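Written below as structure tokens is the structure these notes are about.
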Amino acid sequence: MRWMPGVSLACALILATSLTTTAVAADEQKAVLVTGASTGIGRNIAETLAREGHFVYAGARKPADIAELSAIDNVQGIRLDVTVQEEIDAAVGLVRDGGRGLYAIVNNAGVNVVGPLIELDESELDFLFDVNVYGPYRVTKAFAPLIIESQGRINNVSSISGTLSGPLYGIYSMSKHALEAYTDSLAVEMVQLGVKVSAVEPGNYKSKIGDSRCERLLSQDTNPEESYFQDYMNRVLDNCKNRGENTEAEPDAVSAAVLHALFDEDPKDHYMVVPNQFQAEITVRKAIEEVVVLNKGQEHSYSDEEMLQMLKDELETGDAFIRSISGPRE
């Protein structure tokens with residue numbers, strides 16, 4: 001099966017149900033670790049997996065969130081701050097002692113920071129990369145032996161910001177571009193060990209990440225008049241100050257994509273999942289723009305006809321060419 005960007009929510013849920021029902025009926029209950037499962041996309045993924053009959057180790061930091069997660073059928077809340085190695089090691093021990101093994105990891109935990117790249121303090125970069133990049137790296141490395149034992153799956157929740165970038169969102173996009181590269185390299189390495197790796201790139205869905213971003217920004221008493229980018233900063237601050245009820249779509253389609261990545265026999269390497277055509281268009285057009293710019297005006301450029309043939313080949317074969325040439329590099 002192939003995931004289609006912009007698929008309707010109803011189709012996504014039908015897809016998720018058909019995939020997981022078959023998987024659970026054919027095999028014993030599979031255990032999946034989901035990081036950042038207390039709210040938003042992570043919570044939706046954890047609840048969806050549990051509802052479909054899988055056992056979920058749901059990572060969270062606050063005791064109240066852990067208790068709330070543990071009250072859900074098929075879910076065990078565990079303390080897991082992806083920036084603290086001791087907690088990750090303790091979680092590995094807990095999962096091993098549970099005796100279920102571990103079939104999959106969903107690296108979902110993430111944060112967002114906004115601000116001009118030439119004005120942000122370096123500590124903001126450290127904070128964001130510690131969660132968004134080093135977090136998946138630490139968790140995956142620690143749990144890798146369990147995943148290899150089960151010949152399982154790894155899924156990284158990235159973002160369309162792994163393709164897009166723009167003013168004030170630079171360091172967030174940097175972290176998601178890094179996660180995309182991490183996913184691609186990890187996939188080539190782990191497939192040799194019987195483990196499939198993928199990334200889901202959501203657009204704007206209902207999540208607490210925006211609230212956390214605004215709380216952090218407002219707590220810093222930022223003065224837009226001191227910025228080279230006063231108009232941008234005023235716009236972001238006004239948005240945060242007037243942030244009302246989150247009216248974005250529920251991330252059910254994101255969970256459906258994760259289910260496909262974890263349980264389909266032929267998962268995609270990347271799943272763009274967006275709530276509307278506009279977000280699909282700007283993301284795909286940006287990817288095309290980068291391909292065109294790479295090809296244009298260089299010594300080994302391809303003709304328009306050759307470029308179109310490459311596109312046709314890719315549409316027919318997916319990532320077969322990249323897989324065929326991937327391997328250790330000097």
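The way I read the labels, and the way they are meant: chains A, B, ... in the order of the structure tokens, residue 1 as the first residue of every chain, and ligand 1 as the first ligand shown, with later ones counted on from there.
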Using only C-alpha atoms, which protein or nucleic acid residues come within 7 Å of range 175-191 of chain A? Drop anything in the same chain fewer than 2 positions from it, and give the result as a list of chain:residue names.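 The neighbour list is A:Phe129, A:Asn132, A:Val133, A:Ser158, A:Ser159, A:Ser161, A:Gly162, A:Thr163, A:Ile171, A:Tyr172, A:Ser173, A:Leu193, A:Gly194, A:Val195, A:Lys196, A:Val197, A:Ser198, A:Ala199, A:Ser326.
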Keeping only N, CA and C atoms, write the selected residues to a file as a PDB file, in the first residue's frame.
ATOM      1  N   PHE A 129      17.798  21.348  20.232  1.00  0.00           N
ATOM      2  CA  PHE A 129      18.474  20.182  19.661  1.00  0.00           C
ATOM      3  C   PHE A 129      18.590  19.050  20.671  1.00  0.00           C
ATOM      4  N   ASN A 132      14.931  17.542  20.174  1.00  0.00           N
ATOM      5  CA  ASN A 132      14.489  17.167  18.832  1.00  0.00           C
ATOM      6  C   ASN A 132      15.474  16.296  18.058  1.00  0.00           C
ATOM      7  N   VAL A 133      16.762  16.413  18.355  1.00  0.00           N
ATOM      8  CA  VAL A 133      17.772  15.663  17.613  1.00  0.00           C
ATOM      9  C   VAL A 133      18.485  14.645  18.503  1.00  0.00           C
ATOM     10  N   SER A 158       8.774  13.704  12.463  1.00  0.00           N
ATOM     11  CA  SER A 158       9.496  14.884  12.019  1.00  0.00           C
ATOM     12  C   SER A 158       8.502  16.018  11.787  1.00  0.00           C
ATOM     13  N   SER A 159       8.538  16.653  10.633  1.00  0.00           N
ATOM     14  CA  SER A 159       7.651  17.775  10.342  1.00  0.00           C
ATOM     15  C   SER A 159       7.845  18.184   8.894  1.00  0.00           C
ATOM     16  N   SER A 161       8.491  20.960   8.327  1.00  0.00           N
ATOM     17  CA  SER A 161       9.612  21.880   8.530  1.00  0.00           C
ATOM     18  C   SER A 161      10.945  21.201   8.257  1.00  0.00           C
ATOM     19  N   GLY A 162      10.941  19.890   8.050  1.00  0.00           N
ATOM     20  CA  GLY A 162      12.130  19.204   7.585  1.00  0.00           C
ATOM     21  C   GLY A 162      12.390  19.452   6.114  1.00  0.00           C
ATOM     22  N   THR A 163      11.418  20.050   5.430  1.00  0.00           N
ATOM     23  CA  THR A 163      11.573  20.488   4.039  1.00  0.00           C
ATOM     24  C   THR A 163      11.516  22.003   3.944  1.00  0.00           C
ATOM     25  N   ILE A 171      15.683  27.691  13.706  1.00  0.00           N
ATOM     26  CA  ILE A 171      16.336  26.612  14.463  1.00  0.00           C
ATOM     27  C   ILE A 171      15.422  25.392  14.584  1.00  0.00           C
ATOM     28  N   TYR A 172      14.115  25.605  14.569  1.00  0.00           N
ATOM     29  CA  TYR A 172      13.206  24.454  14.554  1.00  0.00           C
ATOM     30  C   TYR A 172      13.376  23.685  13.245  1.00  0.00           C
ATOM     31  N   SER A 173      13.418  24.411  12.112  1.00  0.00           N
ATOM     32  CA  SER A 173      13.635  23.752  10.830  1.00  0.00           C
ATOM     33  C   SER A 173      14.993  23.072  10.788  1.00  0.00           C
ATOM     34  N   LEU A 193      19.920  -5.079   9.338  1.00  0.00           N
ATOM     35  CA  LEU A 193      19.682  -5.853  10.557  1.00  0.00           C
ATOM     36  C   LEU A 193      18.223  -6.278  10.667  1.00  0.00           C
ATOM     37  N   GLY A 194      17.470  -6.094   9.590  1.00  0.00           N
ATOM     38  CA  GLY A 194      16.073  -6.518   9.580  1.00  0.00           C
ATOM     39  C   GLY A 194      15.113  -5.536  10.202  1.00  0.00           C
ATOM     40  N   VAL A 195      15.545  -4.288  10.382  1.00  0.00           N
ATOM     41  CA  VAL A 195      14.709  -3.260  11.006  1.00  0.00           C
ATOM     42  C   VAL A 195      14.382  -2.182   9.979  1.00  0.00           C
ATOM     43  N   LYS A 196      13.092  -1.821   9.866  1.00  0.00           N
ATOM     44  CA  LYS A 196      12.666  -0.786   8.929  1.00  0.00           C
ATOM     45  C   LYS A 196      12.474   0.536   9.670  1.00  0.00           C
ATOM     46  N   VAL A 197      12.959   1.594   9.059  1.00  0.00           N
ATOM     47  CA  VAL A 197      12.935   2.924   9.670  1.00  0.00           C
ATOM     48  C   VAL A 197      12.182   3.878   8.754  1.00  0.00           C
ATOM     49  N   SER A 198      11.372   4.745   9.341  1.00  0.00           N
ATOM     50  CA  SER A 198      10.602   5.707   8.556  1.00  0.00           C
ATOM     51  C   SER A 198      10.433   6.999   9.328  1.00  0.00           C
ATOM     52  N   ALA A 199       9.954   8.015   8.627  1.00  0.00           N
ATOM     53  CA  ALA A 199       9.629   9.295   9.263  1.00  0.00           C
ATOM     54  C   ALA A 199       8.241   9.728   8.830  1.00  0.00           C
ATOM     55  N   SER A 326      22.963   3.405  -2.016  1.00  0.00           N
ATOM     56  CA  SER A 326      23.287   3.744  -0.633  1.00  0.00           C
ATOM     57  C   SER A 326      24.222   2.700  -0.046  1.00  0.00           C
TER      58      SER A 326
END
Where does DSSP see strand (DSSP E or B) in range 82-266 of chain A, if you list the residues as a PDB file with N, CA and C atoms, in the first residue's frame?
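Now in result_1.pdb:
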ATOM      1  N   ALA A 104       8.608  -1.756  18.402  1.00  0.00           N
ATOM      2  CA  ALA A 104       8.780  -0.484  17.691  1.00  0.00           C
ATOM      3  C   ALA A 104       9.028   0.676  18.641  1.00  0.00           C
ATOM      4  N   ILE A 105       9.687   1.681  18.102  1.00  0.00           N
ATOM      5  CA  ILE A 105       9.870   2.972  18.775  1.00  0.00           C
ATOM      6  C   ILE A 105       9.215   4.044  17.921  1.00  0.00           C
ATOM      7  N   VAL A 106       8.459   4.928  18.552  1.00  0.00           N
ATOM      8  CA  VAL A 106       7.962   6.131  17.886  1.00  0.00           C
ATOM      9  C   VAL A 106       8.595   7.319  18.600  1.00  0.00           C
ATOM     10  N   ASN A 107       9.599   7.911  17.965  1.00  0.00           N
ATOM     11  CA  ASN A 107      10.291   9.071  18.532  1.00  0.00           C
ATOM     12  C   ASN A 107       9.476  10.326  18.240  1.00  0.00           C
ATOM     13  N   ARG A 153      10.457  -2.061  14.054  1.00  0.00           N
ATOM     14  CA  ARG A 153      10.364  -0.800  13.308  1.00  0.00           C
ATOM     15  C   ARG A 153      10.778   0.386  14.184  1.00  0.00           C
ATOM     16  N   ILE A 154      11.248   1.426  13.522  1.00  0.00           N
ATOM     17  CA  ILE A 154      11.544   2.710  14.171  1.00  0.00           C
ATOM     18  C   ILE A 154      10.875   3.796  13.346  1.00  0.00           C
ATOM     19  N   ASN A 155      10.125   4.670  14.013  1.00  0.00           N
ATOM     20  CA  ASN A 155       9.470   5.773  13.320  1.00  0.00           C
ATOM     21  C   ASN A 155       9.802   7.079  14.020  1.00  0.00           C
ATOM     22  N   ASN A 156      10.274   8.050  13.255  1.00  0.00           N
ATOM     23  CA  ASN A 156      10.585   9.369  13.787  1.00  0.00           C
ATOM     24  C   ASN A 156       9.519  10.367  13.353  1.00  0.00           C
ATOM     25  N   VAL A 157       8.931  11.039  14.324  1.00  0.00           N
ATOM     26  CA  VAL A 157       7.934  12.069  14.001  1.00  0.00           C
ATOM     27  C   VAL A 157       8.688  13.365  13.725  1.00  0.00           C
ATOM     28  N   LYS A 196      13.092  -1.821   9.866  1.00  0.00           N
ATOM     29  CA  LYS A 196      12.666  -0.786   8.929  1.00  0.00           C
ATOM     30  C   LYS A 196      12.474   0.536   9.670  1.00  0.00           C
ATOM     31  N   VAL A 197      12.959   1.594   9.059  1.00  0.00           N
ATOM     32  CA  VAL A 197      12.935   2.924   9.670  1.00  0.00           C
ATOM     33  C   VAL A 197      12.182   3.878   8.754  1.00  0.00           C
ATOM     34  N   SER A 198      11.372   4.745   9.341  1.00  0.00           N
ATOM     35  CA  SER A 198      10.602   5.707   8.556  1.00  0.00           C
ATOM     36  C   SER A 198      10.433   6.999   9.328  1.00  0.00           C
ATOM     37  N   ALA A 199       9.954   8.015   8.627  1.00  0.00           N
ATOM     38  CA  ALA A 199       9.629   9.295   9.263  1.00  0.00           C
ATOM     39  C   ALA A 199       8.241   9.728   8.830  1.00  0.00           C
ATOM     40  N   VAL A 200       7.508  10.314   9.764  1.00  0.00           N
ATOM     41  CA  VAL A 200       6.225  10.943   9.465  1.00  0.00           C
ATOM     42  C   VAL A 200       6.417  12.444   9.595  1.00  0.00           C
ATOM     43  N   GLU A 201       6.012  13.181   8.563  1.00  0.00           N
ATOM     44  CA  GLU A 201       6.198  14.633   8.551  1.00  0.00           C
ATOM     45  C   GLU A 201       4.850  15.346   8.608  1.00  0.00           C
ATOM     46  N   PRO A 202       4.342  15.636   9.812  1.00  0.00           N
ATOM     47  CA  PRO A 202       3.035  16.295   9.912  1.00  0.00           C
ATOM     48  C   PRO A 202       3.099  17.770   9.528  1.00  0.00           C
TER      49      PRO A 202
END
Please tabulate, as JSON lines, the residues of range 46-163 of chain A that come within 6 Å of range 29-37 of chain A, each with its closest pair of atoms and the distance in Å to one decimal, counting only C-alpha atoms and ordering rows by chain, then residue number upward.
{"residue": "A:His54", "atom": "CA", "partner": "A:Lys30", "partner_atom": "CA", "distance": 5.2}
{"residue": "A:Phe55", "atom": "CA", "partner": "A:Ala31", "partner_atom": "CA", "distance": 4.6}
{"residue": "A:Val56", "atom": "CA", "partner": "A:Val32", "partner_atom": "CA", "distance": 5.0}
{"residue": "A:Tyr57", "atom": "CA", "partner": "A:Leu33", "partner_atom": "CA", "distance": 4.7}
{"residue": "A:Ala58", "atom": "CA", "partner": "A:Val34", "partner_atom": "CA", "distance": 5.1}
{"residue": "A:Gly59", "atom": "CA", "partner": "A:Thr35", "partner_atom": "CA", "distance": 4.6}
{"residue": "A:Ala60", "atom": "CA", "partner": "A:Gly36", "partner_atom": "CA", "distance": 5.6}
{"residue": "A:Leu102", "atom": "CA", "partner": "A:Ala31", "partner_atom": "CA", "distance": 5.0}
{"residue": "A:Tyr103", "atom": "CA", "partner": "A:Ala31", "partner_atom": "CA", "distance": 5.4}
{"residue": "A:Ala104", "atom": "CA", "partner": "A:Val32", "partner_atom": "CA", "distance": 4.7}
{"residue": "A:Ile105", "atom": "CA", "partner": "A:Leu33", "partner_atom": "CA", "distance": 4.8}
{"residue": "A:Val106", "atom": "CA", "partner": "A:Val34", "partner_atom": "CA", "distance": 4.7}
{"residue": "A:Asn107", "atom": "CA", "partner": "A:Thr35", "partner_atom": "CA", "distance": 5.5}
{"residue": "A:Asn108", "atom": "CA", "partner": "A:Thr35", "partner_atom": "CA", "distance": 5.2}
{"residue": "A:Ala109", "atom": "CA", "partner": "A:Gly36", "partner_atom": "CA", "distance": 4.0}
Rounded to one decimal, what separation in Å do you get between CA of Ser150 in chain A and CA of Val258 in chain A?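 Straight-line distance from CA of Ser150 in chain A to CA of Val258 in chain A works out to 18.1 Å.
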One residue among A:Asp231, A:Glu226, A:Glu250, A:Glu290 is nearest to Lys208 in chain A when using only C-alpha atoms, and that residue is A:Glu250
So, with only C-alpha atoms as the atoms that count, which of A:Ser123, A:Thr283, A:Ser70, A:Asn295 lies closest to Arg43 in chain A? A:Ser70
Using only C-alpha atoms, the residue out of A:Arg213, A:His300, A:Val291, A:Leu259 with shortest distance to Leu237 in chain A is A:Arg213
So that I can check the secondary structure, give me every residue of range 27-143 of chain A assigned alpha helix (DSSP H) by backbone DSSP, as a ChimeraX atom specification. /A:40-51,63-70,85-98,122-132,134-143
Could you please determine the separation between CA of Cys214 in chain A and CA of Arg61 in chain A in Å, to one decimal place?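 According to the coordinates, CA of Cys214 in chain A and CA of Arg61 in chain A are separated by 19.8 Å.
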Would you tabulate, counting only C-alpha atoms, all residues of range 117-141 of chain A that have an atom at most 10 Å from an atom of range 75-81 of chain A, showing the closest pair of atoms and their distance in Å to one decimal, sorted by chain then ascending number, as JSON lines?
{"residue": "A:Val131", "atom": "CA", "partner": "A:Asp81", "partner_atom": "CA", "distance": 8.8}
{"residue": "A:Gly135", "atom": "CA", "partner": "A:Asp81", "partner_atom": "CA", "distance": 8.5}
{"residue": "A:Val139", "atom": "CA", "partner": "A:Leu80", "partner_atom": "CA", "distance": 9.6}
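Atom pair CA of Arg138 in chain A / CA of Ala90 in chain A: separated by 12.8 Å.
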